[in-house]
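K.L.:
File follows, run.json with JSON, C-alpha atoms (C1' of nucleotides):
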```json
[["chain", "number", "residue", "atom", "x", "y", "z"],
["A", 1, "MET", "CA", -76.90, 89.61, -95.15],
["A", 2, "ASN", "CA", -76.77, 92.30, -97.79],
["A", 3, "LYS", "CA", -73.73, 93.92, -96.22],
["A", 4, "VAL", "CA", -71.92, 90.58, -96.02],
["A", 5, "GLU", "CA", -72.86, 89.79, -99.57],
["A", 6, "GLN", "CA", -71.75, 93.21, -100.78],
["A", 7, "ILE", "CA", -68.33, 92.98, -99.17],
["A", 8, "LEU", "CA", -67.78, 89.46, -100.43],
["A", 9, "LYS", "CA", -68.82, 90.52, -103.92],
["A", 10, "ILE", "CA", -66.46, 93.46, -103.91],
["A", 11, "LEU", "CA", -63.55, 91.36, -102.68],
["A", 12, "SER", "CA", -64.19, 88.37, -104.91],
["A", 13, "ASP", "CA", -62.14, 89.91, -107.68],
["A", 14, "LYS", "CA", -58.43, 89.32, -108.04],
["A", 15, "ASN", "CA", -57.56, 92.90, -108.93],
["A", 16, "ARG", "CA", -59.61, 94.35, -106.10],
["A", 17, "LEU", "CA", -57.93, 92.00, -103.63],
["A", 18, "ARG", "CA", -54.60, 93.24, -104.91],
["A", 19, "ILE", "CA", -55.74, 96.84, -104.58],
["A", 20, "TYR", "CA", -56.89, 96.20, -101.04],
["A", 21, "LYS", "CA", -53.49, 94.90, -100.05],
["A", 22, "MET", "CA", -51.70, 97.75, -101.80],
["A", 23, "LEU", "CA", -53.76, 100.28, -99.92],
["A", 24, "GLU", "CA", -52.93, 98.45, -96.73],
["A", 25, "ALA", "CA", -49.27, 99.00, -97.51],
["A", 26, "LYS", "CA", -49.65, 102.70, -98.27],
["A", 27, "ARG", "CA", -51.89, 105.43, -99.65],
["A", 28, "CYS", "CA", -51.96, 105.14, -103.41],
["A", 29, "CYS", "CA", -53.05, 107.22, -106.34],
["A", 30, "VAL", "CA", -54.82, 105.75, -109.34],
["A", 31, "CYS", "CA", -51.84, 105.73, -111.65],
["A", 32, "GLU", "CA", -49.66, 103.87, -109.17],
["A", 33, "ILE", "CA", -52.22, 101.11, -108.91],
["A", 34, "ALA", "CA", -52.69, 100.97, -112.67],
["A", 35, "TYR", "CA", -48.94, 100.64, -113.05],
["A", 36, "VAL", "CA", -48.68, 97.70, -110.67],
["A", 37, "LEU", "CA", -51.80, 95.90, -111.90],
["A", 38, "GLN", "CA", -50.92, 96.57, -115.51],
["A", 39, "ILE", "CA", -54.42, 97.55, -116.48],
["A", 40, "LYS", "CA", -55.70, 100.84, -117.86],
["A", 41, "GLN", "CA", -56.41, 103.78, -115.62],
["A", 42, "PRO", "CA", -60.18, 103.83, -116.21],
["A", 43, "SER", "CA", -60.42, 100.21, -115.11],
["A", 44, "VAL", "CA", -58.65, 101.09, -111.88],
["A", 45, "SER", "CA", -60.96, 104.05, -111.32],
["A", 46, "GLN", "CA", -63.93, 101.75, -111.68],
["A", 47, "HIS", "CA", -62.57, 99.25, -109.19],
["A", 48, "LEU", "CA", -61.87, 102.06, -106.74],
["A", 49, "LYS", "CA", -65.36, 103.46, -107.19],
["A", 50, "LYS", "CA", -66.91, 100.11, -106.33],
["A", 51, "MET", "CA", -64.71, 99.70, -103.28],
["A", 52, "LYS", "CA", -65.52, 103.22, -102.19],
["A", 53, "ASP", "CA", -69.26, 102.71, -102.66],
["A", 54, "ALA", "CA", -68.97, 99.63, -100.47],
["A", 55, "GLY", "CA", -67.31, 101.74, -97.81],
["A", 56, "LEU", "CA", -64.07, 99.82, -97.94],
["A", 57, "ILE", "CA", -61.90, 102.73, -98.97],
["A", 58, "MET", "CA", -61.86, 106.51, -98.91],
["A", 59, "SER", "CA", -60.04, 109.16, -100.89],
["A", 60, "GLU", "CA", -58.40, 112.49, -100.42],
["A", 61, "GLN", "CA", -57.39, 115.02, -103.02],
["A", 62, "GLU", "CA", -53.77, 116.13, -103.21],
["A", 63, "GLY", "CA", -53.42, 118.50, -106.09],
["A", 64, "LEU", "CA", -54.01, 116.55, -109.24],
["A", 65, "TRP", "CA", -53.63, 113.27, -107.46],
["A", 66, "THR", "CA", -56.36, 111.45, -105.62],
["A", 67, "ASN", "CA", -55.00, 109.39, -102.78],
["A", 68, "TYR", "CA", -56.96, 106.32, -101.79],
["A", 69, "TYR", "CA", -56.70, 104.60, -98.44],
["A", 70, "LEU", "CA", -58.49, 101.95, -96.41],
["A", 71, "THR", "CA", -61.46, 103.00, -94.32],
["A", 72, "PRO", "CA", -60.75, 102.43, -90.63],
["A", 73, "THR", "CA", -63.62, 100.04, -89.92],
["A", 74, "SER", "CA", -65.26, 99.93, -86.57],
["A", 75, "GLN", "CA", -67.80, 97.22, -87.39],
["A", 76, "PRO", "CA", -66.43, 94.20, -85.50],
["A", 77, "TYR", "CA", -67.35, 91.43, -87.93],
["A", 78, "GLU", "CA", -66.13, 93.36, -90.92],
["A", 79, "LYS", "CA", -62.93, 94.18, -89.12],
["A", 80, "ILE", "CA", -62.19, 90.55, -88.29],
["A", 81, "LEU", "CA", -63.19, 89.35, -91.72],
["A", 82, "LEU", "CA", -60.88, 91.83, -93.40],
["A", 83, "SER", "CA", -57.98, 91.03, -91.13],
["A", 84, "VAL", "CA", -58.32, 87.30, -91.77],
["A", 85, "LEU", "CA", -58.45, 87.91, -95.50],
["A", 86, "SER", "CA", -55.50, 90.23, -95.26],
["A", 87, "GLU", "CA", -53.40, 87.67, -93.43],
["A", 88, "TRP", "CA", -54.37, 84.93, -95.83],
["A", 89, "LEU", "CA", -53.46, 87.07, -98.81],
["A", 90, "GLY", "CA", -50.19, 88.01, -97.18],
["A", 91, "SER", "CA", -48.81, 84.60, -98.04],
["A", 92, "ASP", "CA", -49.51, 85.06, -101.73],
["A", 93, "GLU", "CA", -46.59, 85.62, -104.06],
["A", 94, "ILE", "CA", -48.28, 88.06, -106.38],
["A", 95, "ILE", "CA", -49.46, 90.10, -103.43],
["A", 96, "GLN", "CA", -45.97, 90.18, -101.99],
["A", 97, "LYS", "CA", -44.55, 91.43, -105.26],
["A", 98, "ASP", "CA", -47.32, 94.03, -105.52],
["A", 99, "ILE", "CA", -46.51, 95.39, -102.09],
["A", 100, "GLU", "CA", -42.82, 95.57, -102.85],
["A", 101, "GLN", "CA", -43.57, 97.37, -106.09],
["A", 102, "ILE", "CA", -46.12, 99.80, -104.75],
["A", 103, "LYS", "CA", -43.77, 100.79, -101.96],
["A", 104, "SER", "CA", -40.96, 101.62, -104.34],
["A", 105, "VAL", "CA", -42.84, 103.19, -107.21],
["A", 106, "ASP", "CA", -42.49, 106.92, -107.78],
["A", 107, "ARG", "CA", -45.71, 108.44, -109.05],
["A", 108, "GLU", "CA", -43.81, 111.15, -110.88],
["A", 109, "MET", "CA", -41.87, 108.59, -112.87],
["A", 110, "ILE", "CA", -44.66, 106.40, -114.21],
["A", 111, "PRO", "CA", -44.59, 106.34, -118.03],
["A", 112, "LYS", "CA", -47.84, 107.85, -119.35],
["A", 113, "GLU", "CA", -48.94, 105.06, -121.66],
["B", 114, "MET", "CA", -54.90, 84.22, -104.05],
["B", 115, "ASN", "CA", -56.89, 82.01, -106.38],
["B", 116, "LYS", "CA", -58.25, 79.97, -103.49],
["B", 117, "VAL", "CA", -59.26, 83.08, -101.58],
["B", 118, "GLU", "CA", -60.83, 84.52, -104.67],
["B", 119, "GLN", "CA", -62.69, 81.31, -105.40],
["B", 120, "ILE", "CA", -64.18, 81.04, -101.93],
["B", 121, "LEU", "CA", -65.18, 84.68, -101.89],
["B", 122, "LYS", "CA", -66.77, 84.32, -105.30],
["B", 123, "ILE", "CA", -68.73, 81.27, -104.24],
["B", 124, "LEU", "CA", -69.96, 82.92, -101.07],
["B", 125, "SER", "CA", -70.75, 86.29, -102.61],
["B", 126, "ASP", "CA", -74.21, 85.10, -103.54],
["B", 127, "LYS", "CA", -77.19, 85.49, -101.25],
["B", 128, "ASN", "CA", -78.66, 82.07, -101.94],
["B", 129, "ARG", "CA", -75.35, 80.31, -101.47],
["B", 130, "LEU", "CA", -74.82, 82.08, -98.15],
["B", 131, "ARG", "CA", -78.26, 80.86, -97.10],
["B", 132, "ILE", "CA", -77.41, 77.33, -98.24],
["B", 133, "TYR", "CA", -74.17, 77.44, -96.29],
["B", 134, "LYS", "CA", -75.97, 78.33, -93.10],
["B", 135, "MET", "CA", -78.65, 75.71, -93.69],
["B", 136, "LEU", "CA", -76.02, 73.02, -94.10],
["B", 137, "GLU", "CA", -74.43, 74.23, -90.91],
["B", 138, "ALA", "CA", -77.71, 73.58, -89.16],
["B", 139, "LYS", "CA", -78.18, 70.11, -90.59],
["B", 140, "ARG", "CA", -77.57, 67.80, -93.55],
["B", 141, "CYS", "CA", -79.99, 68.72, -96.30],
["B", 142, "CYS", "CA", -81.23, 67.25, -99.52],
["B", 143, "VAL", "CA", -81.81, 69.32, -102.63],
["B", 144, "CYS", "CA", -85.56, 69.52, -102.34],
["B", 145, "GLU", "CA", -85.44, 70.80, -98.77],
["B", 146, "ILE", "CA", -83.17, 73.64, -99.80],
["B", 147, "ALA", "CA", -85.30, 74.43, -102.84],
["B", 148, "TYR", "CA", -88.33, 74.57, -100.57],
["B", 149, "VAL", "CA", -86.76, 77.05, -98.16],
["B", 150, "LEU", "CA", -85.12, 79.25, -100.80],
["B", 151, "GLN", "CA", -88.22, 79.15, -103.00],
["B", 152, "ILE", "CA", -86.29, 78.58, -106.17],
["B", 153, "LYS", "CA", -86.46, 75.67, -108.60],
["B", 154, "GLN", "CA", -84.64, 72.42, -107.96],
["B", 155, "PRO", "CA", -82.20, 72.75, -110.89],
["B", 156, "SER", "CA", -81.07, 76.13, -109.60],
["B", 157, "VAL", "CA", -80.32, 74.60, -106.23],
["B", 158, "SER", "CA", -78.42, 71.75, -107.85],
["B", 159, "GLN", "CA", -76.29, 74.27, -109.69],
["B", 160, "HIS", "CA", -75.49, 76.21, -106.54],
["B", 161, "LEU", "CA", -74.58, 72.99, -104.78],
["B", 162, "LYS", "CA", -72.36, 71.92, -107.64],
["B", 163, "LYS", "CA", -70.42, 75.16, -107.46],
["B", 164, "MET", "CA", -70.03, 74.90, -103.71],
["B", 165, "LYS", "CA", -68.91, 71.31, -104.04],
["B", 166, "ASP", "CA", -66.40, 72.14, -106.77],
["B", 167, "ALA", "CA", -64.96, 74.77, -104.45],
["B", 168, "GLY", "CA", -64.60, 72.14, -101.76],
["B", 169, "LEU", "CA", -66.99, 73.84, -99.39],
["B", 170, "ILE", "CA", -69.47, 71.01, -99.21],
["B", 171, "MET", "CA", -69.70, 67.27, -99.77],
["B", 172, "SER", "CA", -72.53, 64.88, -100.49],
["B", 173, "GLU", "CA", -73.65, 61.41, -99.63],
["B", 174, "GLN", "CA", -76.28, 59.29, -101.30],
["B", 175, "GLU", "CA", -79.18, 58.01, -99.21],
["B", 176, "GLY", "CA", -81.50, 56.11, -101.48],
["B", 177, "LEU", "CA", -83.02, 58.60, -103.85],
["B", 178, "TRP", "CA", -81.94, 61.51, -101.76],
["B", 179, "THR", "CA", -78.56, 63.19, -101.90],
["B", 180, "ASN", "CA", -77.56, 64.64, -98.58],
["B", 181, "TYR", "CA", -75.25, 67.62, -98.62],
["B", 182, "TYR", "CA", -73.12, 68.73, -95.71],
["B", 183, "LEU", "CA", -70.27, 71.10, -94.95],
["B", 184, "THR", "CA", -66.73, 69.92, -95.56],
["B", 185, "PRO", "CA", -64.79, 69.79, -92.29],
["B", 186, "THR", "CA", -62.03, 72.22, -93.24],
["B", 187, "SER", "CA", -58.57, 71.87, -91.86],
["B", 188, "GLN", "CA", -57.07, 74.83, -93.70],
["B", 189, "PRO", "CA", -56.63, 77.40, -90.88],
["B", 190, "TYR", "CA", -57.37, 80.59, -92.80],
["B", 191, "GLU", "CA", -60.38, 79.11, -94.52],
["B", 192, "LYS", "CA", -61.66, 77.80, -91.22],
["B", 193, "ILE", "CA", -61.40, 81.17, -89.51],
["B", 194, "LEU", "CA", -62.85, 83.01, -92.47],
["B", 195, "LEU", "CA", -65.85, 80.70, -92.60],
["B", 196, "SER", "CA", -66.48, 80.91, -88.89],
["B", 197, "VAL", "CA", -66.40, 84.70, -88.95],
["B", 198, "LEU", "CA", -68.80, 84.75, -91.85],
["B", 199, "SER", "CA", -71.01, 82.24, -90.13],
["B", 200, "GLU", "CA", -71.20, 84.32, -86.97],
["B", 201, "TRP", "CA", -71.88, 87.47, -88.88],
["B", 202, "LEU", "CA", -74.68, 85.82, -90.83],
["B", 203, "GLY", "CA", -76.10, 84.39, -87.63],
["B", 204, "SER", "CA", -77.49, 87.80, -86.79],
["B", 205, "ASP", "CA", -79.42, 88.03, -90.02],
["B", 206, "GLU", "CA", -83.21, 87.69, -89.89],
["B", 207, "ILE", "CA", -83.61, 85.78, -93.12],
["B", 208, "ILE", "CA", -80.90, 83.36, -92.09],
["B", 209, "GLN", "CA", -82.57, 82.80, -88.75],
["B", 210, "LYS", "CA", -85.88, 82.02, -90.42],
["B", 211, "ASP", "CA", -84.14, 79.70, -92.87],
["B", 212, "ILE", "CA", -82.56, 77.73, -90.06],
["B", 213, "GLU", "CA", -85.86, 77.43, -88.22],
["B", 214, "GLN", "CA", -87.54, 76.27, -91.38],
["B", 215, "ILE", "CA", -84.90, 73.81, -92.50],
["B", 216, "LYS", "CA", -84.88, 72.22, -89.08],
["B", 217, "SER", "CA", -88.61, 71.61, -89.08],
["B", 218, "VAL", "CA", -89.19, 70.69, -92.70],
["B", 219, "ASP", "CA", -90.09, 67.09, -93.54],
["B", 220, "ARG", "CA", -88.60, 66.01, -96.85],
["B", 221, "GLU", "CA", -91.42, 63.53, -97.38],
["B", 222, "MET", "CA", -94.00, 66.26, -97.14],
["B", 223, "ILE", "CA", -92.66, 68.82, -99.55],
["B", 224, "PRO", "CA", -95.23, 69.52, -102.27],
["B", 225, "LYS", "CA", -93.78, 68.49, -105.62],
["B", 226, "GLU", "CA", -94.07, 71.71, -107.62],
["C", 227, "DC", "C1'", -89.00, 44.59, -116.89],
["C", 228, "DA", "C1'", -91.55, 49.33, -116.33],
["C", 229, "DT", "C1'", -92.60, 53.10, -113.36],
["C", 230, "DC", "C1'", -91.66, 56.53, -110.06],
["C", 231, "DC", "C1'", -89.04, 59.88, -107.92],
["C", 232, "DA", "C1'", -84.95, 62.90, -106.51],
["C", 233, "DT", "C1'", -81.40, 64.89, -108.63],
["C", 234, "DA", "C1'", -78.31, 66.27, -112.53],
["C", 235, "DT", "C1'", -77.54, 68.29, -116.87],
["C", 236, "DA", "C1'", -78.48, 70.98, -121.16],
["C", 237, "DG", "C1'", -79.85, 74.98, -123.34],
["C", 238, "DG", "C1'", -81.76, 79.57, -123.41],
["C", 239, "DC", "C1'", -82.26, 84.26, -121.77],
["C", 240, "DA", "C1'", -81.78, 88.66, -119.32],
["C", 241, "DG", "C1'", -78.78, 91.02, -116.34],
["C", 242, "DT", "C1'", -74.11, 91.86, -114.63],
["C", 243, "DT", "C1'", -69.04, 92.21, -114.86],
["C", 244, "DG", "C1'", -64.49, 93.78, -116.20],
["C", 245, "DC", "C1'", -61.97, 95.30, -119.60],
["C", 246, "DC", "C1'", -61.17, 98.57, -123.29],
["C", 247, "DT", "C1'", -61.22, 103.38, -126.03],
["C", 248, "DA", "C1'", -62.86, 107.94, -126.24],
["C", 249, "DT", "C1'", -64.08, 111.85, -123.87],
["C", 250, "DA", "C1'", -65.33, 114.90, -119.90],
["C", 251, "DT", "C1'", -63.91, 117.03, -115.57],
["C", 252, "DA", "C1'", -61.18, 119.49, -112.41],
["C", 253, "DA", "C1'", -56.89, 121.14, -110.54],
["C", 254, "DT", "C1'", -52.52, 123.16, -111.68],
["C", 255, "DA", "C1'", -49.08, 125.70, -114.50],
["C", 256, "DA", "C1'", -47.74, 128.78, -118.15],
["D", 257, "DT", "C1'", -56.93, 132.33, -120.61],
["D", 258, "DT", "C1'", -54.97, 128.18, -122.53],
["D", 259, "DA", "C1'", -52.45, 123.99, -121.97],
["D", 260, "DT", "C1'", -51.33, 120.14, -119.25],
["D", 261, "DT", "C1'", -52.16, 116.42, -116.22],
["D", 262, "DA", "C1'", -54.60, 112.94, -113.16],
["D", 263, "DT", "C1'", -58.80, 111.09, -112.65],
["D", 264, "DA", "C1'", -63.77, 110.19, -113.72],
["D", 265, "DT", "C1'", -67.34, 108.93, -116.73],
["D", 266, "DA", "C1'", -69.67, 107.10, -120.95],
["D", 267, "DG", "C1'", -70.35, 103.63, -124.15],
["D", 268, "DG", "C1'", -69.33, 99.23, -126.23],
["D", 269, "DC", "C1'", -68.18, 94.40, -126.15],
["D", 270, "DA", "C1'", -67.27, 89.60, -124.84],
["D", 271, "DA", "C1'", -67.59, 86.64, -120.99],
["D", 272, "DC", "C1'", -69.96, 85.16, -117.02],
["D", 273, "DT", "C1'", -74.04, 84.50, -113.73],
["D", 274, "DG", "C1'", -78.34, 82.90, -111.98],
["D", 275, "DC", "C1'", -82.57, 81.85, -113.05],
["D", 276, "DC", "C1'", -85.81, 79.20, -115.78],
["D", 277, "DT", "C1'", -87.90, 74.96, -118.65],
["D", 278, "DA", "C1'", -87.12, 70.62, -120.68],
["D", 279, "DT", "C1'", -84.93, 66.44, -120.45],
["D", 280, "DA", "C1'", -81.55, 62.85, -118.94],
["D", 281, "DT", "C1'", -79.81, 59.88, -115.24],
["D", 282, "DG", "C1'", -79.94, 56.49, -111.85],
["D", 283, "DG", "C1'", -81.71, 54.34, -107.56],
["D", 284, "DA", "C1'", -86.01, 52.18, -105.59],
["D", 285, "DT", "C1'", -90.13, 49.71, -106.12],
["D", 286, "DG", "C1'", -93.98, 47.03, -108.10]]
```
Please render this file's structure as structure tokens.
P.N.:
Amino acid sequence: MNKVEQILKILSDKNRLRIYKMLEAKRCCVCEIAYVLQIKQPSVSQHLKKMKDAGLIMSEQEGLWTNYYLTPTSQPYEKILLSVLSEWLGSDEIIQKDIEQIKSVDREMIPKE
Amino acid sequence: MNKVEQILKILSDKNRLRIYKMLEAKRCCVCEIAYVLQIKQPSVSQHLKKMKDAGLIMSEQEGLWTNYYLTPTSQPYEKILLSVLSEWLGSDEIIQKDIEQIKSVDREMIPKE
DNA sequence: CATCCATATAGGCAGTTGCCTATATAATAA
DNA sequence: TTATTATATAGGCAACTGCCTATATGGATG
């Protein structure tokens, strides 16, 4: 039950749901996500840390950038749960705009606060 | 997204997950749930209120007792999500004990504090 | 009516959350 | 090395959570 509870807790936050869907669309760095969510970079880092600790996402260094991406889950229940959530969220307007935006954003061009 | 978020938030609590599975097993009154969860009656009432506000459960008066039961959902995504969660939780030891206990408990015989 | 009983509500408290600003870290570039 | 840049971490703060105790509510019964 703890694993279920943990995943539900992690995903029961609007911004983390948005992050999840963005990472589904493409690998993202912290500043891209911060730009789309319109919150400060440290807040994004904290969300990503929680999601990473829960095993939902992973990261890879690319120079100065850290690219985050979804963990390819093999656990059947988790897999199904996430895909249902993903589909459900797919019909959300904000999510749709996020995906559009994250796909077109250029990480080199993001104004630095 | 708000609906998704709300449901995830409601279910991201261990005791509420246990309540959900108990109500799946049978209609329960507050004192039965309090007995199984080993928490005080007001705490159970509060959990139930939240779950009811989220539309997850409903209640019906039966004399002094209030019987709670799962809302028959027609919303497809919610339905699938809940059934996946339910299956996943079905393999949990604590949940299994809860179900056994809630099925055999006699509401007339619960020691009053 | 008055009492009893199951449940609901109010209020308090400690722990958690999500955001922020300030600062540290680590990789790159000059 | 020093400066720059992206990210991580620390610390603070207001809001929220889940539990408790005390009390209110309302149906059932004598």
K.L.:
For each of A:Glu78, A:Glu62, A:Glu24, A:Asp53, take the minimum atom-to-atom distance to chain D, counting all atoms listed in the file, then give the residue where this is smallest.
P.N.:
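Smallest separation from chain D among the options: A:Glu62.
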K.L.:
Enumerate as a tab-separated table (two decimals) with C-alpha atoms (C1' of nucleotides), in the frame of the given file the residues belonging to chain C that approach chain A to within 10 Å, with all atoms listed in the file taken into account.
P.N.:
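Final output, saved to result-v9.tsv:
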```
chain	number	residue	atom	x	y	z
C	244	DG	C1'	-64.49	93.78	-116.20
C	245	DC	C1'	-61.97	95.30	-119.60
C	246	DC	C1'	-61.17	98.57	-123.29
C	247	DT	C1'	-61.22	103.38	-126.03
C	252	DA	C1'	-61.18	119.49	-112.41
C	253	DA	C1'	-56.89	121.14	-110.54
C	254	DT	C1'	-52.52	123.16	-111.68
```
K.L.:
Where does chain B meet chain A within 9 Å, residue by residue, with the nearest atom pair and distance in Å to one decimal for each, counting all atoms listed in the file, listed by chain and rising number, as JSON lines?
P.N.:
```
{"residue": "B:Met114", "atom": "CA", "partner": "A:Asp92", "partner_atom": "CA", "distance": 5.9}
{"residue": "B:Asn115", "atom": "CA", "partner": "A:Lys14", "partner_atom": "CA", "distance": 7.7}
{"residue": "B:Val117", "atom": "CA", "partner": "A:Leu89", "partner_atom": "CA", "distance": 7.6}
{"residue": "B:Glu118", "atom": "CA", "partner": "A:Ser12", "partner_atom": "CA", "distance": 5.1}
{"residue": "B:Gln119", "atom": "CA", "partner": "A:Ser12", "partner_atom": "CA", "distance": 7.2}
{"residue": "B:Ile120", "atom": "CA", "partner": "A:Ser12", "partner_atom": "CA", "distance": 7.9}
{"residue": "B:Leu121", "atom": "CA", "partner": "A:Ser12", "partner_atom": "CA", "distance": 4.9}
{"residue": "B:Lys122", "atom": "CA", "partner": "A:Ser12", "partner_atom": "CA", "distance": 4.8}
{"residue": "B:Ile123", "atom": "CA", "partner": "A:Ser12", "partner_atom": "CA", "distance": 8.5}
{"residue": "B:Leu124", "atom": "CA", "partner": "A:Leu8", "partner_atom": "CA", "distance": 6.9}
{"residue": "B:Ser125", "atom": "CA", "partner": "A:Lys9", "partner_atom": "CA", "distance": 4.8}
{"residue": "B:Asp126", "atom": "CA", "partner": "A:Glu5", "partner_atom": "CA", "distance": 6.3}
{"residue": "B:Lys127", "atom": "CA", "partner": "A:Glu5", "partner_atom": "CA", "distance": 6.3}
{"residue": "B:Leu130", "atom": "CA", "partner": "A:Glu5", "partner_atom": "CA", "distance": 8.1}
{"residue": "B:Tyr190", "atom": "CA", "partner": "A:Trp88", "partner_atom": "CA", "distance": 6.1}
{"residue": "B:Glu191", "atom": "CA", "partner": "A:Trp88", "partner_atom": "CA", "distance": 8.5}
{"residue": "B:Ile193", "atom": "CA", "partner": "A:Val84", "partner_atom": "CA", "distance": 7.2}
{"residue": "B:Leu194", "atom": "CA", "partner": "A:Val84", "partner_atom": "CA", "distance": 6.3}
{"residue": "B:Val197", "atom": "CA", "partner": "A:Leu81", "partner_atom": "CA", "distance": 6.3}
{"residue": "B:Leu198", "atom": "CA", "partner": "A:Leu81", "partner_atom": "CA", "distance": 7.3}
{"residue": "B:Glu200", "atom": "CA", "partner": "A:Tyr77", "partner_atom": "CA", "distance": 8.1}
{"residue": "B:Trp201", "atom": "CA", "partner": "A:Tyr77", "partner_atom": "CA", "distance": 6.1}
{"residue": "B:Leu202", "atom": "CA", "partner": "A:Met1", "partner_atom": "CA", "distance": 6.2}
{"residue": "B:Ser204", "atom": "CA", "partner": "A:Met1", "partner_atom": "CA", "distance": 8.6}
{"residue": "B:Asp205", "atom": "CA", "partner": "A:Met1", "partner_atom": "CA", "distance": 5.9}
{"residue": "B:Glu206", "atom": "CA", "partner": "A:Met1", "partner_atom": "CA", "distance": 8.4}
{"residue": "B:Ile207", "atom": "CA", "partner": "A:Met1", "partner_atom": "CA", "distance": 8.0}
{"residue": "B:Ile208", "atom": "CA", "partner": "A:Met1", "partner_atom": "CA", "distance": 8.0}
```
K.L.:
Can you tell me, as a PyMOL selection string, what residues are no more than 9 Å from Val36 of chain A when counting all atoms listed in the file, ignoring any on the same chain fewer than 5 positions away?
P.N.:
chain A and resi 31+98+101-102+105
K.L.:
For the atom pair atom C1' of DG238 of chain C and atom C1' of DC275 of chain D, what is the interatomic distance in Å to one decimal place?
P.N.:
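It comes out at 10.6 Å.
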K.L.:
Do you have, as a tab-separated table, the list of residues of chain D lying at most 10 Å from chain A, each with its nearest atom pair and that distance in Å to one decimal, counting all atoms listed in the file and ordered by chain then number?
P.N.:
```
residue	atom	partner	partner_atom	distance
D:DT261	C1'	A:Leu64	CA	7.2
D:DA262	C1'	A:Leu64	CA	5.4
D:DT263	C1'	A:Val30	CA	7.4
D:DA264	C1'	A:Ser45	CA	7.2
D:DT265	C1'	A:Pro42	CA	8.8
```
